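Read the structure below first, then the notes.
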Amino acid sequence: MRRPSGVLFLETHMETIHTVVRMKQAAREARAKQRTLGLVPTMGALHEGHLSLICRAQERCSAVAVSIFVNPKQFGPGEDFKKYPRTLDEDRAALEKLQVDYLFAPTPEEIYPSGFRTEVIVQGLSDRLEGRSRPGHFQGVATVVLKLLDIVQPQSAFFGRKDAQQARIIQQMTRDLNLDAEIVVCPIVREPDGLALSSRNVFLAGDDRRAAAALYRSLDSLRREIESGERGAPRLLAALRGVIEAEPRVALDYAEIVDAETFDPVEELRKTCYALLAARVAGVRLIDNALIEQVGDSFRVTL
Ligand code: PAF
């Protein structure tokens with residue numbers, strides 16, 4: 001709509017919601033108007049990776065809710081909960097520009113009122129890899145995602161493949177608890193040098209930021225090994241580790257090749273797997289992965 005100044009204004013209809021009661025009501029109203037609801041759960045500090053989830057949600061759903069909630073339950077003692085980037089005003093502006101329908105930004109007390117006691121544990125999948133390095137992390141993730149799915153009751157919820165173990169745990173939880181939401185896992189978005197986008201990347205600068213691209217380079221060397229016919233996990237892992245270990249600023253936490261369903265380590269590529277990496281650069285924890293899919297007799301590697 002054109003205003004007298006000649007400046008073009010977009011009418012924004014995004015509603016910012018801070019309470020569970022209003023979010024439930026807004027979601028009910030949308031469903032009553034036959035709108036299909038998509039949910040994009042986030043912890044804010046939005047980047048292009050989040051925006052790609054929102055675009056995917058807008059393609060598939062007629063109304064989209066984005067939640068921004070830095071979930072205290074998924075941070076362990078000594079982790080970066082206090083210093084996790086919080087940029088609500090910028091995030092709200094970005095969401096308005098994308099014409100998102102609802103921003104759900106509750107307080108911790110709204111999500112976990114005093115006396116809150118319930119925790120969701122997805123057995124087996126939650127205590128390995130990220131779960132071993134961050135005890136209790138996936139319990140916190142599963143608990144808050146179940147709450148968000150229950151509050152919004154979306155038709156589809158959108159998650160990034162960068163957090164592959166998280167996405168798998170959420171899929172398992174929705175299956176086990178007969179939740180209606182379809183869990184859509186979307187591609188990783190990367191910087192030009194391959195670093196996977198993450199809200200924590202803002203803590204990296206200079207040589208540390210450059211060194212962080214070693215995670216991508218190591219997955220790329222694994223891709224080349226697979227394309228030249230290597231199938232054994234020990235040799236593939238040696239290729240992965242070799243690149244990381246050559247970069248002194250990067251401290252590897254784990255590198256594993258796991259079955260994409262069970263997250264059990266595999267000895268050789270047979271069906272769909274993930275190569276998963278976690279490392280620290282200047283105290284910042286980074287994760288990344290490659291999806292390795294069997295296509296006929298060969299394997300396709302997606303970074
Ligand atoms: O991936 C994240 O940002 C968080 O783990 C999530 C899914 C929003 C739950 O807090």
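For the structure tokens, the naming scheme is as follows: chains receive sequential letters (A, B, ...) according to their order of presentation, residues are indexed from 1 within each chain, and ligands are indexed from 1 in presentation order.
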Can you work out which residues are within 7 Å of ligand 1, considering only C-alpha atoms and all ligand atoms, and then hand them over as a PyMOL selection string?
chain A and resi 41-43+69-71+141+144-145+159+163
In stretch 170-260 of chain A, DSSP strand (DSSP E or B) residues written as a PyMOL selection string:
chain A and resi 182-186+190+196+232+250-259
Written selection (all heavy atoms) as a short mmCIF file (atom, residue, chain, number, x, y, z; two decimals), in the first residue's frame:
data_model
loop_
_atom_site.label_atom_id
_atom_site.label_comp_id
_atom_site.auth_asym_id
_atom_site.auth_seq_id
_atom_site.Cartn_x
_atom_site.Cartn_y
_atom_site.Cartn_z
N GLU A 182 3.41 -33.73 11.18
CA GLU A 182 4.43 -34.31 10.30
C GLU A 182 5.73 -33.56 10.60
O GLU A 182 5.74 -32.33 10.68
CB GLU A 182 3.98 -34.06 8.86
CG GLU A 182 5.02 -34.35 7.81
CD GLU A 182 4.77 -33.58 6.50
OE1 GLU A 182 4.09 -32.53 6.53
OE2 GLU A 182 5.28 -34.03 5.48
N ILE A 183 6.83 -34.30 10.78
CA ILE A 183 8.13 -33.65 11.06
C ILE A 183 8.91 -33.56 9.74
O ILE A 183 9.22 -34.58 9.13
CB ILE A 183 8.93 -34.45 12.11
CG1 ILE A 183 8.11 -34.60 13.41
CG2 ILE A 183 10.29 -33.79 12.39
CD1 ILE A 183 7.66 -33.31 14.06
N VAL A 184 9.16 -32.33 9.32
CA VAL A 184 9.83 -32.11 8.04
C VAL A 184 11.27 -31.69 8.32
O VAL A 184 11.52 -30.73 9.06
CB VAL A 184 9.11 -31.00 7.23
CG1 VAL A 184 9.78 -30.82 5.86
CG2 VAL A 184 7.63 -31.32 7.07
N VAL A 185 12.23 -32.44 7.76
CA VAL A 185 13.65 -32.15 7.99
C VAL A 185 14.20 -31.47 6.74
O VAL A 185 14.09 -32.01 5.64
CB VAL A 185 14.43 -33.44 8.33
CG1 VAL A 185 15.89 -33.11 8.64
CG2 VAL A 185 13.78 -34.15 9.51
N CYS A 186 14.77 -30.29 6.92
CA CYS A 186 15.16 -29.44 5.78
C CYS A 186 16.69 -29.37 5.66
O CYS A 186 17.41 -29.54 6.64
CB CYS A 186 14.61 -28.03 5.99
SG CYS A 186 12.82 -28.02 6.19
N ARG A 190 24.64 -23.30 4.32
CA ARG A 190 26.06 -23.11 4.63
C ARG A 190 26.56 -21.74 4.19
O ARG A 190 26.03 -21.14 3.26
CB ARG A 190 26.88 -24.19 3.91
CG ARG A 190 26.53 -25.59 4.38
CD ARG A 190 27.37 -26.66 3.69
NE ARG A 190 27.00 -27.98 4.20
CZ ARG A 190 27.44 -28.50 5.34
NH1 ARG A 190 28.31 -27.82 6.06
NH2 ARG A 190 27.04 -29.68 5.76
N ALA A 196 28.44 -24.62 8.38
CA ALA A 196 26.98 -24.71 8.53
C ALA A 196 26.49 -23.52 9.37
O ALA A 196 27.11 -23.19 10.39
CB ALA A 196 26.62 -26.02 9.21
N GLY A 232 34.36 -48.63 3.94
CA GLY A 232 34.67 -49.02 5.32
C GLY A 232 34.67 -47.80 6.24
O GLY A 232 35.34 -46.80 5.95
N VAL A 250 40.89 -26.42 16.04
CA VAL A 250 39.64 -27.19 16.16
C VAL A 250 39.89 -28.41 17.04
O VAL A 250 40.76 -29.22 16.76
CB VAL A 250 39.15 -27.64 14.76
CG1 VAL A 250 37.84 -28.42 14.88
CG2 VAL A 250 38.96 -26.43 13.84
N ALA A 251 39.12 -28.53 18.15
CA ALA A 251 39.24 -29.69 19.04
C ALA A 251 38.06 -30.61 18.78
O ALA A 251 36.90 -30.25 19.06
CB ALA A 251 39.25 -29.23 20.50
N LEU A 252 38.35 -31.79 18.24
CA LEU A 252 37.28 -32.73 17.88
C LEU A 252 36.66 -33.33 19.14
O LEU A 252 37.37 -33.76 20.04
CB LEU A 252 37.88 -33.84 16.99
CG LEU A 252 36.88 -34.83 16.41
CD1 LEU A 252 35.91 -34.13 15.45
CD2 LEU A 252 37.62 -35.95 15.68
N ASP A 253 35.35 -33.37 19.20
CA ASP A 253 34.67 -34.08 20.29
C ASP A 253 34.36 -35.50 19.80
O ASP A 253 34.80 -36.47 20.40
CB ASP A 253 33.39 -33.31 20.68
CG ASP A 253 32.61 -34.02 21.78
OD1 ASP A 253 33.07 -35.08 22.26
OD2 ASP A 253 31.51 -33.55 22.14
N TYR A 254 33.60 -35.62 18.70
CA TYR A 254 33.41 -36.96 18.12
C TYR A 254 33.25 -36.87 16.62
O TYR A 254 32.87 -35.84 16.07
CB TYR A 254 32.18 -37.67 18.74
CG TYR A 254 30.86 -36.97 18.54
CD1 TYR A 254 30.19 -37.01 17.32
CD2 TYR A 254 30.26 -36.26 19.58
CE1 TYR A 254 28.97 -36.37 17.13
CE2 TYR A 254 29.05 -35.61 19.41
CZ TYR A 254 28.41 -35.67 18.18
OH TYR A 254 27.22 -35.02 18.01
N ALA A 255 33.61 -37.98 15.98
CA ALA A 255 33.34 -38.17 14.55
C ALA A 255 32.84 -39.61 14.45
O ALA A 255 33.53 -40.52 14.89
CB ALA A 255 34.61 -37.99 13.73
N GLU A 256 31.62 -39.80 13.94
CA GLU A 256 31.04 -41.15 13.88
C GLU A 256 30.27 -41.31 12.59
O GLU A 256 29.70 -40.33 12.09
CB GLU A 256 30.04 -41.36 15.04
CG GLU A 256 30.61 -41.21 16.42
CD GLU A 256 30.93 -42.55 17.07
OE1 GLU A 256 30.87 -43.58 16.38
OE2 GLU A 256 31.23 -42.52 18.28
N ILE A 257 30.20 -42.55 12.12
CA ILE A 257 29.28 -42.85 11.02
C ILE A 257 28.22 -43.78 11.61
O ILE A 257 28.56 -44.83 12.19
CB ILE A 257 30.00 -43.50 9.83
CG1 ILE A 257 31.08 -42.53 9.33
CG2 ILE A 257 29.00 -43.83 8.71
CD1 ILE A 257 31.91 -43.05 8.18
N VAL A 258 26.97 -43.36 11.51
CA VAL A 258 25.90 -44.09 12.20
C VAL A 258 24.76 -44.38 11.24
O VAL A 258 24.55 -43.66 10.26
CB VAL A 258 25.35 -43.29 13.42
CG1 VAL A 258 26.44 -42.99 14.42
CG2 VAL A 258 24.64 -42.01 12.98
N ASP A 259 24.02 -45.44 11.56
CA ASP A 259 22.79 -45.76 10.84
C ASP A 259 21.80 -44.62 11.06
O ASP A 259 21.61 -44.17 12.20
CB ASP A 259 22.25 -47.08 11.42
CG ASP A 259 20.99 -47.52 10.75
OD1 ASP A 259 19.92 -46.90 11.02
OD2 ASP A 259 21.05 -48.47 9.97
#
Considering only C-alpha atoms, can you say which of A:Ala275, A:Met173, A:Ala212, A:Ile244 comes closest to A:Gln123?
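Going through A:Ala275, A:Met173, A:Ala212, A:Ile244 one by one, the smallest distance to A:Gln123 is for A:Met173.
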Residues within 6 Å of A:Asp101, only C-alpha atoms, excluding chain neighbours under 3 positions, as a PyMOL selection string
chain A and resi 14+63-65
Within 8 Å of stretch 37-40 of chain A, which residues of stretch 154-194 of chain A show up? Give each one with its shortest atom-to-atom distance in Å (one decimal) and the two atoms involved, counting only C-alpha atoms, rows by chain then rising residue number, as CSV.
residue,atom,partner,partner_atom,distance
A:Pro154,CA,A:Leu37,CA,4.8
A:Gln155,CA,A:Leu37,CA,5.5
A:Ser156,CA,A:Gly38,CA,5.0
A:Ala157,CA,A:Leu39,CA,4.6
A:Phe158,CA,A:Val40,CA,5.2
A:Phe159,CA,A:Val40,CA,7.0
Quote the spacing between atom CA of A:Ala246 and atom CA of A:Arg161 in Å to one decimal place.
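Between atom CA of A:Ala246 and atom CA of A:Arg161 the gap is 26.3 Å.
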Nearest to A:Ile17 among A:Cys273, A:Leu177, A:Ala94, A:Leu103, with distances taken over only C-alpha atoms: which residue is it?
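Ranking A:Cys273, A:Leu177, A:Ala94, A:Leu103 by distance to A:Ile17, first place goes to A:Leu103.
The nearest approach to A:Asp150 among the residues A:Thr174, A:Ser133, A:Gln166, A:Thr87, with only C-alpha atoms taken into account, belongs to A:Thr174.
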Enumerate, as a PyMOL selection string, the complete set of residues in stretch 66-253 of chain A that a backbone-based DSSP assignment places in alpha helix (DSSP H).
chain A and resi 88-97+108-111+130-133+137-152+164-176+206-212+214-227+233-245
Residue selection dump (C-alpha atoms) as a PDB file, in the first residue's frame:
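In the end it all went to part19.pdb:
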ATOM      1  CA  LEU A  88      14.231 -10.571  19.667  1.00  0.00           C
ATOM      2  CA  ASP A  89      13.735  -7.137  18.061  1.00  0.00           C
ATOM      3  CA  GLU A  90      15.783  -8.005  14.964  1.00  0.00           C
ATOM      4  CA  ASP A  91      14.141 -11.435  14.806  1.00  0.00           C
ATOM      5  CA  ARG A  92      10.667  -9.904  14.984  1.00  0.00           C
ATOM      6  CA  ALA A  93      11.525  -7.493  12.145  1.00  0.00           C
ATOM      7  CA  ALA A  94      12.842 -10.362   9.985  1.00  0.00           C
ATOM      8  CA  LEU A  95       9.705 -12.417  10.620  1.00  0.00           C
ATOM      9  CA  GLU A  96       7.431  -9.469   9.805  1.00  0.00           C
ATOM     10  CA  LYS A  97       9.280  -9.008   6.533  1.00  0.00           C
ATOM     11  CA  PRO A 108      10.490 -19.394  30.748  1.00  0.00           C
ATOM     12  CA  GLU A 109       7.793 -19.080  33.468  1.00  0.00           C
ATOM     13  CA  GLU A 110       5.073 -19.420  30.823  1.00  0.00           C
ATOM     14  CA  ILE A 111       6.541 -22.688  29.518  1.00  0.00           C
ATOM     15  CA  GLU A 130      25.414 -35.181  21.405  1.00  0.00           C
ATOM     16  CA  GLY A 131      23.572 -36.751  24.341  1.00  0.00           C
ATOM     17  CA  ARG A 132      26.790 -38.245  25.743  1.00  0.00           C
ATOM     18  CA  SER A 133      28.628 -34.934  25.462  1.00  0.00           C
ATOM     19  CA  HIS A 137      20.223 -32.041  26.422  1.00  0.00           C
ATOM     20  CA  PHE A 138      17.776 -34.141  24.407  1.00  0.00           C
ATOM     21  CA  GLN A 139      15.480 -34.556  27.404  1.00  0.00           C
ATOM     22  CA  GLY A 140      15.175 -30.755  27.420  1.00  0.00           C
ATOM     23  CA  VAL A 141      14.685 -30.629  23.650  1.00  0.00           C
ATOM     24  CA  ALA A 142      12.035 -33.388  23.596  1.00  0.00           C
ATOM     25  CA  THR A 143      10.168 -31.825  26.526  1.00  0.00           C
ATOM     26  CA  VAL A 144       9.942 -28.366  24.984  1.00  0.00           C
ATOM     27  CA  VAL A 145       9.179 -29.624  21.468  1.00  0.00           C
ATOM     28  CA  LEU A 146       6.349 -31.800  22.803  1.00  0.00           C
ATOM     29  CA  LYS A 147       4.951 -28.742  24.595  1.00  0.00           C
ATOM     30  CA  LEU A 148       5.227 -26.581  21.463  1.00  0.00           C
ATOM     31  CA  LEU A 149       3.577 -29.255  19.303  1.00  0.00           C
ATOM     32  CA  ASP A 150       0.776 -29.554  21.825  1.00  0.00           C
ATOM     33  CA  ILE A 151       0.249 -25.792  22.127  1.00  0.00           C
ATOM     34  CA  VAL A 152       0.229 -25.074  18.371  1.00  0.00           C
ATOM     35  CA  ALA A 164      20.274 -34.616  12.639  1.00  0.00           C
ATOM     36  CA  GLN A 165      20.123 -36.445  15.970  1.00  0.00           C
ATOM     37  CA  GLN A 166      17.606 -33.924  17.315  1.00  0.00           C
ATOM     38  CA  ALA A 167      15.422 -34.356  14.214  1.00  0.00           C
ATOM     39  CA  ARG A 168      15.555 -38.157  14.548  1.00  0.00           C
ATOM     40  CA  ILE A 169      14.610 -37.981  18.242  1.00  0.00           C
ATOM     41  CA  ILE A 170      11.681 -35.679  17.499  1.00  0.00           C
ATOM     42  CA  GLN A 171      10.475 -38.004  14.722  1.00  0.00           C
ATOM     43  CA  GLN A 172      10.671 -40.943  17.129  1.00  0.00           C
ATOM     44  CA  MET A 173       8.805 -39.018  19.836  1.00  0.00           C
ATOM     45  CA  THR A 174       5.968 -38.027  17.480  1.00  0.00           C
ATOM     46  CA  ARG A 175       5.682 -41.637  16.299  1.00  0.00           C
ATOM     47  CA  ASP A 176       5.735 -43.086  19.827  1.00  0.00           C
ATOM     48  CA  GLY A 206      39.267 -14.083  12.518  1.00  0.00           C
ATOM     49  CA  ASP A 207      41.429 -17.217  12.502  1.00  0.00           C
ATOM     50  CA  ASP A 208      38.898 -19.121  14.623  1.00  0.00           C
ATOM     51  CA  ARG A 209      36.127 -18.429  12.128  1.00  0.00           C
ATOM     52  CA  ARG A 210      38.392 -19.521   9.259  1.00  0.00           C
ATOM     53  CA  ALA A 211      39.409 -22.679  11.148  1.00  0.00           C
ATOM     54  CA  ALA A 212      35.748 -23.602  11.754  1.00  0.00           C
ATOM     55  CA  ALA A 214      37.547 -27.492   8.700  1.00  0.00           C
ATOM     56  CA  LEU A 215      34.346 -29.322   9.722  1.00  0.00           C
ATOM     57  CA  TYR A 216      32.932 -28.852   6.236  1.00  0.00           C
ATOM     58  CA  ARG A 217      36.277 -29.660   4.585  1.00  0.00           C
ATOM     59  CA  SER A 218      36.489 -32.915   6.513  1.00  0.00           C
ATOM     60  CA  LEU A 219      32.964 -33.942   5.416  1.00  0.00           C
ATOM     61  CA  ASP A 220      33.891 -33.006   1.874  1.00  0.00           C
ATOM     62  CA  SER A 221      36.968 -35.262   2.023  1.00  0.00           C
ATOM     63  CA  LEU A 222      34.704 -38.080   3.267  1.00  0.00           C
ATOM     64  CA  ARG A 223      32.427 -37.417   0.285  1.00  0.00           C
ATOM     65  CA  ARG A 224      35.376 -37.765  -2.098  1.00  0.00           C
ATOM     66  CA  GLU A 225      36.454 -41.036  -0.429  1.00  0.00           C
ATOM     67  CA  ILE A 226      32.938 -42.453  -0.824  1.00  0.00           C
ATOM     68  CA  GLU A 227      32.750 -41.295  -4.433  1.00  0.00           C
ATOM     69  CA  ALA A 233      33.841 -46.774   8.285  1.00  0.00           C
ATOM     70  CA  PRO A 234      37.382 -46.904   9.802  1.00  0.00           C
ATOM     71  CA  ARG A 235      38.998 -45.502   6.642  1.00  0.00           C
ATOM     72  CA  LEU A 236      36.227 -42.967   6.115  1.00  0.00           C
ATOM     73  CA  LEU A 237      36.580 -41.810   9.719  1.00  0.00           C
ATOM     74  CA  ALA A 238      40.356 -41.572   9.302  1.00  0.00           C
ATOM     75  CA  ALA A 239      39.760 -39.231   6.341  1.00  0.00           C
ATOM     76  CA  LEU A 240      37.349 -37.134   8.437  1.00  0.00           C
ATOM     77  CA  ARG A 241      39.632 -36.948  11.460  1.00  0.00           C
ATOM     78  CA  GLY A 242      42.723 -36.261   9.354  1.00  0.00           C
ATOM     79  CA  VAL A 243      41.350 -32.934   8.120  1.00  0.00           C
ATOM     80  CA  ILE A 244      40.195 -31.858  11.592  1.00  0.00           C
ATOM     81  CA  GLU A 245      43.417 -32.879  13.299  1.00  0.00           C
TER      82      GLU A 245
END
By how many Å are atom CA of A:Phe75 and atom CA of A:Glu48 apart?
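So the answer is 23.4 Å.
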When you look at A:Pro85 with a cut-off of 9 Å (counting only C-alpha atoms), what residues show up, excluding the ones that are within fewer than 2 positions of it in the same chain? I need them as a PyMOL selection string.
chain A and resi 43-45+81-83+87+199-200+202
